[in-house]
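Student: coords-v3.tsv is reproduced in full below (TSV, N, CA and C atoms).
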```tsv
chain	number	residue	atom	x	y	z
A	2	MET	N	-5.86	-91.20	-43.36
A	2	MET	CA	-4.43	-91.22	-43.57
A	2	MET	C	-4.09	-90.20	-44.65
A	3	THR	N	-3.00	-89.48	-44.44
A	3	THR	CA	-2.56	-88.50	-45.42
A	3	THR	C	-1.71	-89.16	-46.50
A	4	LEU	N	-1.52	-88.42	-47.58
A	4	LEU	CA	-0.71	-88.91	-48.69
A	4	LEU	C	0.72	-89.20	-48.24
A	5	ASN	N	1.31	-88.29	-47.45
A	5	ASN	CA	2.68	-88.49	-46.99
A	5	ASN	C	2.80	-89.68	-46.04
A	6	ALA	N	1.81	-89.87	-45.18
A	6	ALA	CA	1.84	-91.02	-44.28
A	6	ALA	C	1.72	-92.33	-45.07
A	7	ALA	N	0.86	-92.34	-46.07
A	7	ALA	CA	0.71	-93.53	-46.91
A	7	ALA	C	2.00	-93.83	-47.67
A	8	LEU	N	2.66	-92.79	-48.13
A	8	LEU	CA	3.93	-92.98	-48.84
A	8	LEU	C	4.99	-93.56	-47.90
A	9	ARG	N	5.06	-93.03	-46.67
A	9	ARG	CA	6.03	-93.58	-45.71
A	9	ARG	C	5.69	-95.02	-45.33
A	10	LEU	N	4.40	-95.32	-45.21
A	10	LEU	CA	3.97	-96.69	-44.91
A	10	LEU	C	4.40	-97.64	-46.02
A	11	LEU	N	4.14	-97.27	-47.25
A	11	LEU	CA	4.52	-98.11	-48.38
A	11	LEU	C	6.03	-98.25	-48.48
A	12	ALA	N	6.74	-97.14	-48.38
A	12	ALA	CA	8.20	-97.17	-48.51
A	12	ALA	C	8.83	-98.02	-47.41
A	13	GLY	N	8.41	-97.82	-46.17
A	13	GLY	CA	8.96	-98.60	-45.06
A	13	GLY	C	8.69	-100.09	-45.22
A	14	THR	N	7.48	-100.42	-45.64
A	14	THR	CA	7.12	-101.83	-45.83
A	14	THR	C	7.96	-102.47	-46.94
A	15	VAL	N	8.07	-101.80	-48.07
A	15	VAL	CA	8.83	-102.35	-49.20
A	15	VAL	C	10.32	-102.45	-48.84
A	16	ILE	N	10.85	-101.48	-48.12
A	16	ILE	CA	12.25	-101.54	-47.71
A	16	ILE	C	12.49	-102.76	-46.84
A	17	LEU	N	11.65	-102.97	-45.84
A	17	LEU	CA	11.86	-104.11	-44.93
A	17	LEU	C	11.67	-105.45	-45.64
A	18	ILE	N	10.66	-105.54	-46.50
A	18	ILE	CA	10.43	-106.80	-47.23
A	18	ILE	C	11.57	-107.07	-48.20
A	19	SER	N	12.02	-106.05	-48.93
A	19	SER	CA	13.10	-106.28	-49.90
A	19	SER	C	14.42	-106.60	-49.20
A	20	LEU	N	14.65	-106.03	-48.03
A	20	LEU	CA	15.85	-106.40	-47.27
A	20	LEU	C	15.79	-107.86	-46.84
A	21	ALA	N	14.64	-108.30	-46.38
A	21	ALA	CA	14.49	-109.71	-45.99
A	21	ALA	C	14.68	-110.63	-47.18
A	22	LEU	N	14.07	-110.28	-48.31
A	22	LEU	CA	14.21	-111.10	-49.51
A	22	LEU	C	15.67	-111.12	-50.00
A	23	GLY	N	16.34	-109.98	-49.91
A	23	GLY	CA	17.74	-109.92	-50.31
A	23	GLY	C	18.65	-110.73	-49.41
A	24	THR	N	18.32	-110.74	-48.13
A	24	THR	CA	19.13	-111.48	-47.17
A	24	THR	C	18.91	-112.98	-47.28
A	25	TYR	N	17.67	-113.40	-47.43
A	25	TYR	CA	17.35	-114.83	-47.35
A	25	TYR	C	17.14	-115.52	-48.69
A	26	LEU	N	16.85	-114.77	-49.76
A	26	LEU	CA	16.61	-115.40	-51.06
A	26	LEU	C	17.68	-115.08	-52.09
A	27	ASN	N	17.79	-113.81	-52.43
A	27	ASN	CA	18.70	-113.44	-53.50
A	27	ASN	C	19.10	-111.97	-53.32
A	28	PRO	N	20.40	-111.67	-53.30
A	28	PRO	CA	20.85	-110.28	-53.11
A	28	PRO	C	20.34	-109.31	-54.19
A	29	ALA	N	19.85	-109.80	-55.30
A	29	ALA	CA	19.30	-108.91	-56.33
A	29	ALA	C	18.11	-108.10	-55.80
A	30	TRP	N	17.46	-108.57	-54.75
A	30	TRP	CA	16.33	-107.83	-54.16
A	30	TRP	C	16.78	-106.49	-53.58
A	31	TYR	N	18.08	-106.34	-53.30
A	31	TYR	CA	18.56	-105.07	-52.78
A	31	TYR	C	18.41	-103.95	-53.81
A	32	TYR	N	18.31	-104.31	-55.07
A	32	TYR	CA	18.04	-103.28	-56.10
A	32	TYR	C	16.67	-102.64	-55.87
A	33	LEU	N	15.70	-103.43	-55.43
A	33	LEU	CA	14.38	-102.88	-55.11
A	33	LEU	C	14.49	-101.91	-53.93
A	34	THR	N	15.30	-102.29	-52.94
A	34	THR	CA	15.51	-101.41	-51.79
A	34	THR	C	16.10	-100.08	-52.27
A	35	GLY	N	17.10	-100.16	-53.13
A	35	GLY	CA	17.72	-98.95	-53.68
A	35	GLY	C	16.74	-98.12	-54.50
A	36	PHE	N	15.87	-98.80	-55.25
A	36	PHE	CA	14.86	-98.10	-56.05
A	36	PHE	C	13.90	-97.32	-55.15
A	37	VAL	N	13.52	-97.90	-54.03
A	37	VAL	CA	12.64	-97.19	-53.08
A	37	VAL	C	13.37	-95.97	-52.53
A	38	GLY	N	14.65	-96.14	-52.19
A	38	GLY	CA	15.43	-95.01	-51.70
A	38	GLY	C	15.53	-93.90	-52.73
A	39	LEU	N	15.76	-94.28	-53.98
A	39	LEU	CA	15.84	-93.30	-55.06
A	39	LEU	C	14.51	-92.57	-55.23
A	40	ASN	N	13.40	-93.30	-55.17
A	40	ASN	CA	12.08	-92.67	-55.28
A	40	ASN	C	11.81	-91.73	-54.12
A	41	LEU	N	12.20	-92.12	-52.92
A	41	LEU	CA	12.03	-91.23	-51.76
A	41	LEU	C	12.84	-89.95	-51.95
A	42	LEU	N	14.08	-90.11	-52.38
A	42	LEU	CA	14.94	-88.95	-52.56
A	42	LEU	C	14.38	-88.00	-53.62
A	43	GLN	N	14.02	-88.53	-54.78
A	43	GLN	CA	13.51	-87.64	-55.82
A	43	GLN	C	12.14	-87.08	-55.47
A	44	SER	N	11.31	-87.82	-54.73
A	44	SER	CA	10.00	-87.28	-54.34
A	44	SER	C	10.15	-86.14	-53.34
A	45	GLY	N	11.24	-86.15	-52.59
A	45	GLY	CA	11.50	-85.04	-51.69
A	45	GLY	C	11.72	-83.74	-52.43
A	46	PHE	N	12.30	-83.83	-53.62
A	46	PHE	CA	12.56	-82.63	-54.42
A	46	PHE	C	11.42	-82.30	-55.37
A	47	THR	N	10.77	-83.32	-55.94
A	47	THR	CA	9.76	-83.07	-56.98
A	47	THR	C	8.32	-83.16	-56.47
A	48	LYS	N	8.13	-83.68	-55.27
A	48	LYS	CA	6.80	-83.92	-54.69
A	48	LYS	C	6.00	-84.94	-55.50
A	49	TRP	N	6.70	-85.82	-56.22
A	49	TRP	CA	6.02	-86.83	-57.02
A	49	TRP	C	6.84	-88.11	-57.07
A	50	CYS	N	6.15	-89.22	-57.02
A	50	CYS	CA	6.71	-90.54	-57.31
A	50	CYS	C	5.54	-91.40	-57.79
A	51	PRO	N	5.80	-92.56	-58.37
A	51	PRO	CA	4.69	-93.37	-58.90
A	51	PRO	C	3.58	-93.66	-57.88
A	52	ALA	N	3.95	-93.89	-56.64
A	52	ALA	CA	2.93	-94.20	-55.63
A	52	ALA	C	2.03	-93.00	-55.34
A	53	ILE	N	2.56	-91.80	-55.45
A	53	ILE	CA	1.76	-90.61	-55.17
A	53	ILE	C	0.59	-90.50	-56.14
A	54	THR	N	0.79	-90.89	-57.39
A	54	THR	CA	-0.30	-90.87	-58.37
A	54	THR	C	-1.45	-91.76	-57.90
A	55	VAL	N	-1.13	-92.94	-57.43
A	55	VAL	CA	-2.16	-93.86	-56.93
A	55	VAL	C	-2.84	-93.28	-55.69
A	56	PHE	N	-2.06	-92.73	-54.78
A	56	PHE	CA	-2.63	-92.18	-53.55
A	56	PHE	C	-3.53	-90.97	-53.84
A	57	ARG	N	-3.19	-90.19	-54.85
A	57	ARG	CA	-4.06	-89.07	-55.23
A	57	ARG	C	-5.37	-89.58	-55.81
A	58	MET	N	-5.32	-90.67	-56.58
A	58	MET	CA	-6.55	-91.25	-57.12
A	58	MET	C	-7.43	-91.80	-55.99
A	59	LEU	N	-6.80	-92.21	-54.89
A	59	LEU	CA	-7.55	-92.69	-53.73
A	59	LEU	C	-8.05	-91.54	-52.86
A	60	LYS	N	-7.76	-90.31	-53.29
A	60	LYS	CA	-8.24	-89.08	-52.63
A	60	LYS	C	-7.68	-88.91	-51.22
A	61	LEU	N	-6.42	-89.33	-51.01
A	61	LEU	CA	-5.80	-89.11	-49.72
A	61	LEU	C	-5.46	-87.63	-49.58
A	62	LYS	N	-5.58	-87.12	-48.37
A	62	LYS	CA	-5.37	-85.71	-48.10
A	62	LYS	C	-3.89	-85.35	-48.28
A	63	GLU	N	-3.64	-84.27	-49.02
A	63	GLU	CA	-2.28	-83.79	-49.22
A	63	GLU	C	-1.97	-82.68	-48.23
A	64	GLN	N	-0.76	-82.69	-47.72
A	64	GLN	CA	-0.29	-81.63	-46.85
A	64	GLN	C	0.74	-80.83	-47.63
A	65	THR	N	0.54	-79.52	-47.69
A	65	THR	CA	1.45	-78.68	-48.45
A	65	THR	C	2.07	-77.63	-47.56
A	66	CYS	N	3.11	-77.05	-48.05
A	66	CYS	CA	3.83	-76.00	-47.34
A	66	CYS	C	3.74	-74.74	-48.20
A	67	ALA	N	3.32	-73.63	-47.59
A	67	ALA	CA	3.12	-72.39	-48.36
A	67	ALA	C	4.43	-71.88	-48.96
A	68	THR	N	5.49	-71.90	-48.20
A	68	THR	CA	6.78	-71.42	-48.69
A	68	THR	C	7.86	-72.43	-48.35
A	69	GLY	N	8.76	-72.62	-49.26
A	69	GLY	CA	9.88	-73.51	-49.00
A	69	GLY	C	9.49	-74.98	-49.08
A	70	MET	N	10.39	-75.80	-48.58
A	70	MET	CA	10.17	-77.25	-48.61
A	70	MET	C	9.62	-77.70	-47.25
A	71	SER	N	8.68	-78.65	-47.29
A	71	SER	CA	8.05	-79.10	-46.06
A	71	SER	C	8.91	-80.12	-45.33
A	72	VAL	N	8.59	-80.33	-44.06
A	72	VAL	CA	9.26	-81.33	-43.24
A	72	VAL	C	9.10	-82.71	-43.88
A	73	HIS	N	7.94	-82.97	-44.49
A	73	HIS	CA	7.71	-84.26	-45.15
A	73	HIS	C	8.71	-84.46	-46.29
A	74	GLN	N	8.95	-83.41	-47.06
A	74	GLN	CA	9.94	-83.50	-48.13
A	74	GLN	C	11.32	-83.76	-47.53
A	75	GLY	N	11.62	-83.10	-46.42
A	75	GLY	CA	12.89	-83.32	-45.75
A	75	GLY	C	13.07	-84.76	-45.29
A	76	VAL	N	12.00	-85.34	-44.76
A	76	VAL	CA	12.04	-86.74	-44.32
A	76	VAL	C	12.30	-87.64	-45.52
A	77	HIS	N	11.65	-87.38	-46.63
A	77	HIS	CA	11.85	-88.19	-47.83
A	77	HIS	C	13.31	-88.08	-48.30
A	78	ILE	N	13.86	-86.88	-48.27
A	78	ILE	CA	15.24	-86.68	-48.71
A	78	ILE	C	16.20	-87.40	-47.77
A	79	ILE	N	16.02	-87.23	-46.48
A	79	ILE	CA	16.90	-87.87	-45.50
A	79	ILE	C	16.82	-89.39	-45.59
A	80	ALA	N	15.60	-89.93	-45.61
A	80	ALA	CA	15.43	-91.38	-45.66
A	80	ALA	C	15.93	-91.94	-46.99
A	81	GLY	N	15.60	-91.28	-48.09
A	81	GLY	CA	16.05	-91.75	-49.39
A	81	GLY	C	17.56	-91.77	-49.51
A	82	ALA	N	18.20	-90.71	-49.03
A	82	ALA	CA	19.67	-90.65	-49.08
A	82	ALA	C	20.28	-91.74	-48.20
A	83	ALA	N	19.74	-91.95	-47.01
A	83	ALA	CA	20.27	-92.98	-46.12
A	83	ALA	C	20.14	-94.37	-46.75
A	84	VAL	N	19.00	-94.65	-47.35
A	84	VAL	CA	18.79	-95.95	-47.98
A	84	VAL	C	19.75	-96.12	-49.16
A	85	LEU	N	19.82	-95.14	-50.03
A	85	LEU	CA	20.71	-95.23	-51.19
A	85	LEU	C	22.17	-95.41	-50.80
A	86	ILE	N	22.62	-94.63	-49.83
A	86	ILE	CA	24.03	-94.70	-49.41
A	86	ILE	C	24.35	-96.07	-48.81
A	87	THR	N	23.49	-96.57	-47.93
A	87	THR	CA	23.79	-97.84	-47.28
A	87	THR	C	23.71	-99.02	-48.24
A	88	VAL	N	22.70	-99.03	-49.10
A	88	VAL	CA	22.58	-100.13	-50.06
A	88	VAL	C	23.73	-100.08	-51.07
A	89	ALA	N	24.06	-98.89	-51.56
A	89	ALA	CA	25.18	-98.77	-52.50
A	89	ALA	C	26.50	-99.17	-51.85
A	90	ALA	N	26.70	-98.78	-50.59
A	90	ALA	CA	27.93	-99.15	-49.88
A	90	ALA	C	28.06	-100.67	-49.78
A	91	PHE	N	26.96	-101.33	-49.50
A	91	PHE	CA	27.00	-102.79	-49.39
A	91	PHE	C	27.18	-103.46	-50.74
A	92	MET	N	26.42	-103.04	-51.73
A	92	MET	CA	26.42	-103.73	-53.02
A	92	MET	C	27.63	-103.42	-53.89
A	93	PHE	N	28.10	-102.19	-53.87
A	93	PHE	CA	29.13	-101.78	-54.82
A	93	PHE	C	30.50	-101.49	-54.20
A	94	PHE	N	30.54	-101.30	-52.88
A	94	PHE	CA	31.80	-100.94	-52.24
A	94	PHE	C	32.22	-101.91	-51.15
A	95	ALA	N	31.65	-103.09	-51.15
A	95	ALA	CA	32.03	-104.18	-50.24
A	95	ALA	C	31.96	-103.81	-48.77
A	96	ALA	N	30.99	-102.96	-48.40
A	96	ALA	CA	30.77	-102.66	-46.99
A	96	ALA	C	30.22	-103.92	-46.31
A	97	PRO	N	30.46	-104.08	-45.02
A	97	PRO	CA	29.94	-105.26	-44.33
A	97	PRO	C	28.41	-105.26	-44.31
A	98	GLN	N	27.85	-106.44	-44.16
A	98	GLN	CA	26.39	-106.57	-44.22
A	98	GLN	C	25.68	-105.81	-43.10
A	99	TRP	N	26.35	-105.58	-41.99
A	99	TRP	CA	25.70	-104.85	-40.90
A	99	TRP	C	25.29	-103.44	-41.32
A	100	VAL	N	25.87	-102.91	-42.41
A	100	VAL	CA	25.48	-101.59	-42.93
A	100	VAL	C	23.99	-101.60	-43.28
A	101	LEU	N	23.50	-102.75	-43.70
A	101	LEU	CA	22.07	-102.84	-44.05
A	101	LEU	C	21.17	-102.73	-42.83
A	102	TYR	N	21.72	-102.87	-41.62
A	102	TYR	CA	20.91	-102.64	-40.41
A	102	TYR	C	20.44	-101.19	-40.38
A	103	ILE	N	21.28	-100.28	-40.86
A	103	ILE	CA	20.89	-98.87	-40.92
A	103	ILE	C	19.69	-98.72	-41.84
A	104	THR	N	19.72	-99.41	-42.98
A	104	THR	CA	18.60	-99.37	-43.91
A	104	THR	C	17.35	-99.93	-43.25
A	105	ALA	N	17.49	-101.01	-42.50
A	105	ALA	CA	16.34	-101.60	-41.81
A	105	ALA	C	15.77	-100.64	-40.77
A	106	VAL	N	16.63	-99.93	-40.06
A	106	VAL	CA	16.16	-98.95	-39.07
A	106	VAL	C	15.40	-97.83	-39.77
A	107	VAL	N	15.90	-97.37	-40.91
A	107	VAL	CA	15.21	-96.33	-41.68
A	107	VAL	C	13.84	-96.85	-42.13
A	108	GLY	N	13.79	-98.08	-42.65
A	108	GLY	CA	12.52	-98.66	-43.08
A	108	GLY	C	11.53	-98.79	-41.94
A	109	ALA	N	12.01	-99.28	-40.79
A	109	ALA	CA	11.12	-99.42	-39.63
A	109	ALA	C	10.65	-98.06	-39.12
A	110	SER	N	11.53	-97.08	-39.17
A	110	SER	CA	11.17	-95.73	-38.74
A	110	SER	C	10.11	-95.12	-39.65
A	111	LEU	N	10.27	-95.31	-40.96
A	111	LEU	CA	9.25	-94.83	-41.91
A	111	LEU	C	7.91	-95.51	-41.66
A	112	LEU	N	7.96	-96.81	-41.43
A	112	LEU	CA	6.74	-97.59	-41.20
A	112	LEU	C	6.01	-97.10	-39.96
A	113	GLN	N	6.72	-96.97	-38.85
A	113	GLN	CA	6.05	-96.54	-37.62
A	113	GLN	C	5.60	-95.09	-37.70
A	114	SER	N	6.33	-94.25	-38.45
A	114	SER	CA	5.94	-92.84	-38.54
A	114	SER	C	4.62	-92.66	-39.28
A	115	ALA	N	4.26	-93.62	-40.11
A	115	ALA	CA	2.97	-93.54	-40.81
A	115	ALA	C	1.82	-93.61	-39.82
A	116	PHE	N	2.05	-94.26	-38.69
A	116	PHE	CA	1.00	-94.40	-37.68
A	116	PHE	C	1.11	-93.38	-36.55
A	117	THR	N	2.35	-93.03	-36.18
A	117	THR	CA	2.54	-92.13	-35.05
A	117	THR	C	2.68	-90.67	-35.47
A	118	GLY	N	3.05	-90.44	-36.75
A	118	GLY	CA	3.24	-89.08	-37.22
A	118	GLY	C	4.59	-88.49	-36.87
A	119	TRP	N	5.51	-89.30	-36.33
A	119	TRP	CA	6.82	-88.79	-35.98
A	119	TRP	C	7.88	-89.86	-36.14
A	120	CYS	N	9.04	-89.44	-36.57
A	120	CYS	CA	10.25	-90.27	-36.56
A	120	CYS	C	11.42	-89.32	-36.37
A	121	PRO	N	12.60	-89.83	-36.05
A	121	PRO	CA	13.74	-88.93	-35.83
A	121	PRO	C	14.03	-88.01	-37.01
A	122	ALA	N	13.75	-88.45	-38.22
A	122	ALA	CA	14.02	-87.62	-39.40
A	122	ALA	C	13.17	-86.35	-39.40
A	123	PHE	N	12.01	-86.37	-38.74
A	123	PHE	CA	11.19	-85.15	-38.65
A	123	PHE	C	11.93	-84.08	-37.86
A	124	THR	N	12.56	-84.48	-36.77
A	124	THR	CA	13.32	-83.54	-35.97
A	124	THR	C	14.53	-83.01	-36.74
A	125	VAL	N	15.24	-83.91	-37.40
A	125	VAL	CA	16.40	-83.50	-38.19
A	125	VAL	C	15.97	-82.54	-39.29
A	126	ALA	N	14.89	-82.87	-39.99
A	126	ALA	CA	14.41	-82.00	-41.08
A	126	ALA	C	14.02	-80.63	-40.54
A	127	SER	N	13.39	-80.58	-39.38
A	127	SER	CA	13.02	-79.29	-38.77
A	127	SER	C	14.27	-78.48	-38.43
A	128	LEU	N	15.28	-79.16	-37.87
A	128	LEU	CA	16.52	-78.47	-37.52
A	128	LEU	C	17.25	-77.96	-38.76
A	129	LEU	N	17.08	-78.64	-39.89
A	129	LEU	CA	17.72	-78.22	-41.14
A	129	LEU	C	16.94	-77.09	-41.84
A	130	GLY	N	15.81	-76.69	-41.27
A	130	GLY	CA	15.07	-75.56	-41.82
A	130	GLY	C	13.86	-75.90	-42.68
A	131	PHE	N	13.51	-77.17	-42.77
A	131	PHE	CA	12.30	-77.54	-43.51
A	131	PHE	C	11.09	-77.05	-42.71
A	132	LYS	N	10.06	-76.60	-43.41
A	132	LYS	CA	8.89	-75.98	-42.78
A	132	LYS	C	7.80	-76.99	-42.47
A	133	LYS	N	7.06	-76.73	-41.41
A	133	LYS	CA	5.94	-77.58	-41.04
A	133	LYS	C	4.83	-77.43	-42.08
A	134	ALA	N	4.28	-78.56	-42.53
A	134	ALA	CA	3.21	-78.54	-43.55
A	134	ALA	C	1.88	-78.21	-42.90
A	135	ALA	N	1.02	-77.61	-43.70
A	135	ALA	CA	-0.31	-77.23	-43.20
A	135	ALA	C	-1.26	-78.41	-43.31
```
Once you've parsed the file, please lay out its structure as structure tokens.

Tutor:
Amino acid sequence: MTLNAALRLLAGTVILISLALGTYLNPAWYYLTGFVGLNLLQSGFTKWCPAITVFRMLKLKEQTCATGMSVHQGVHIIAGAAVLITVAAFMFFAAPQWVLYITAVVGASLLQSAFTGWCPAFTVASLLGFKKAA
């Protein structure tokens, strides 16, 4: 498993679990969902988040892009922005709860992409000009 796949696996899992906990136990769990979205977004720009440090210690293979930003970074930016926007809309702007379905779809998409190597955000990132990683 590559570092980016492991990051998507972790992010998707935590998003789905925190959404379930927020829905069935306490809405404060949505802050964890937002934190994951924020980490995805900033890791898209900086190529670093707390989980990446652990994955590097586990010697997971890194995929890099020679020039520009990679498709993986694009996926992190797209997914992170979607999670942050939907969670913030629900928590701070009184959006209906169905908005969190979008967050759940993003989480499930990240989770499955860790195993299949593809999700819709890969296509969107490619169309936006992000480069394929080596």

Student: Which polymer residues have any atom within 6 Å of an atom of region 112-127 of chain A, counting only C-alpha atoms, with same-chain residues fewer than 6 positions away left out, as a short mmCIF file (atom, residue, chain, number, x, y, z; two decimals) with N, CA and C atoms, in the frame of the given file?

Tutor:
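around10.cif, freshly written:
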```cif
data_model
loop_
_atom_site.label_atom_id
_atom_site.label_comp_id
_atom_site.auth_asym_id
_atom_site.auth_seq_id
_atom_site.Cartn_x
_atom_site.Cartn_y
_atom_site.Cartn_z
N ALA A 6 1.81 -89.87 -45.18
CA ALA A 6 1.84 -91.02 -44.28
C ALA A 6 1.72 -92.33 -45.07
N ARG A 9 5.06 -93.03 -46.67
CA ARG A 9 6.03 -93.58 -45.71
C ARG A 9 5.69 -95.02 -45.33
N LEU A 10 4.40 -95.32 -45.21
CA LEU A 10 3.97 -96.69 -44.91
C LEU A 10 4.40 -97.64 -46.02
N GLY A 13 8.41 -97.82 -46.17
CA GLY A 13 8.96 -98.60 -45.06
C GLY A 13 8.69 -100.09 -45.22
N VAL A 72 8.59 -80.33 -44.06
CA VAL A 72 9.26 -81.33 -43.24
C VAL A 72 9.10 -82.71 -43.88
N GLY A 75 11.62 -83.10 -46.42
CA GLY A 75 12.89 -83.32 -45.75
C GLY A 75 13.07 -84.76 -45.29
N VAL A 76 12.00 -85.34 -44.76
CA VAL A 76 12.04 -86.74 -44.32
C VAL A 76 12.30 -87.64 -45.52
#
```

Student: Can you measure atom C of Val84 (chain A) to CA of Ala7 (chain A) for me? One decimal in Å is fine.

Tutor: 19.3 Å

Student: For a cut-off of 6.5 Å around (12.6, -100.8, -45.9), file coordinates, pick out all residues using all atoms listed in the file and list them as a list in words.

Tutor: Ala12, Gly13, Thr14, Val15, Ile16, Leu17, Ile18, Ser19, Leu20, Thr104, Ala105, Val107, Gly108 and Ala109 of chain A

Student: With region 29-43 of chain A as the partner and 8 Å as the cut-off, tabulate the residues of region 75-125 of chain A that qualify, each row holding the nearest pair of atoms and their distance in Å to one decimal, using only C-alpha atoms, sorted by chain and rising number, as a tab-separated table.

Tutor:
```
residue	atom	partner	partner_atom	distance
A:His77	CA	A:Leu41	CA	5.0
A:Ile78	CA	A:Leu42	CA	4.5
A:Ile79	CA	A:Leu42	CA	7.4
A:Ala80	CA	A:Leu41	CA	7.0
A:Gly81	CA	A:Gly38	CA	4.0
A:Ala82	CA	A:Leu42	CA	6.1
A:Ala83	CA	A:Gly38	CA	7.7
A:Val84	CA	A:Gly38	CA	5.1
A:Leu85	CA	A:Gly38	CA	5.3
A:Val88	CA	A:Gly35	CA	6.2
A:Ala89	CA	A:Gly35	CA	7.6
A:Met92	CA	A:Tyr31	CA	8.0
```

Student: Return as number ranges by chain the full set of residues in chain A whose backbone-based DSSP assignment is alpha helix (DSSP H).

Tutor: A: 4-25, 31-47, 51-58, 72-93, 100-117, 121-128

Student: Go through A:Leu59, A:Ala52, A:Leu26, A:Val100 and flag the residue nearest Leu8 (chain A), using only N, CA and C atoms for the distances.

Tutor: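 Going through A:Leu59, A:Ala52, A:Leu26, A:Val100 one by one, the smallest distance to Leu8 (chain A) is for A:Ala52.
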
Student: I'd like to know which residues of chain A are strand (DSSP E or B) (by DSSP, run on the backbone); could you write them as a PyMOL selection string?

Tutor: chain A and resi 3+62+71+132

Student: For atom C of Lys62 (chain A) and atom N of Phe131 (chain A), quote the distance in Å rounded to one decimal.

Tutor: 20.0 Å

Student: Rounded to one decimal place, report the atom N of Gly130 (chain A)-atom N of Ile86 (chain A) distance in Å.

Tutor: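 Taking atom N of Gly130 (chain A) and atom N of Ile86 (chain A), their separation equals 21.0 Å.
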
Student: From the options A:Thr24, A:Thr47, A:Leu111, A:Leu101, which residue's atoms come nearest to Gln74 (chain A), counting all atoms listed in the file?

Tutor: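 Ranked by minimum distance to Gln74 (chain A), first place goes to A:Thr47.
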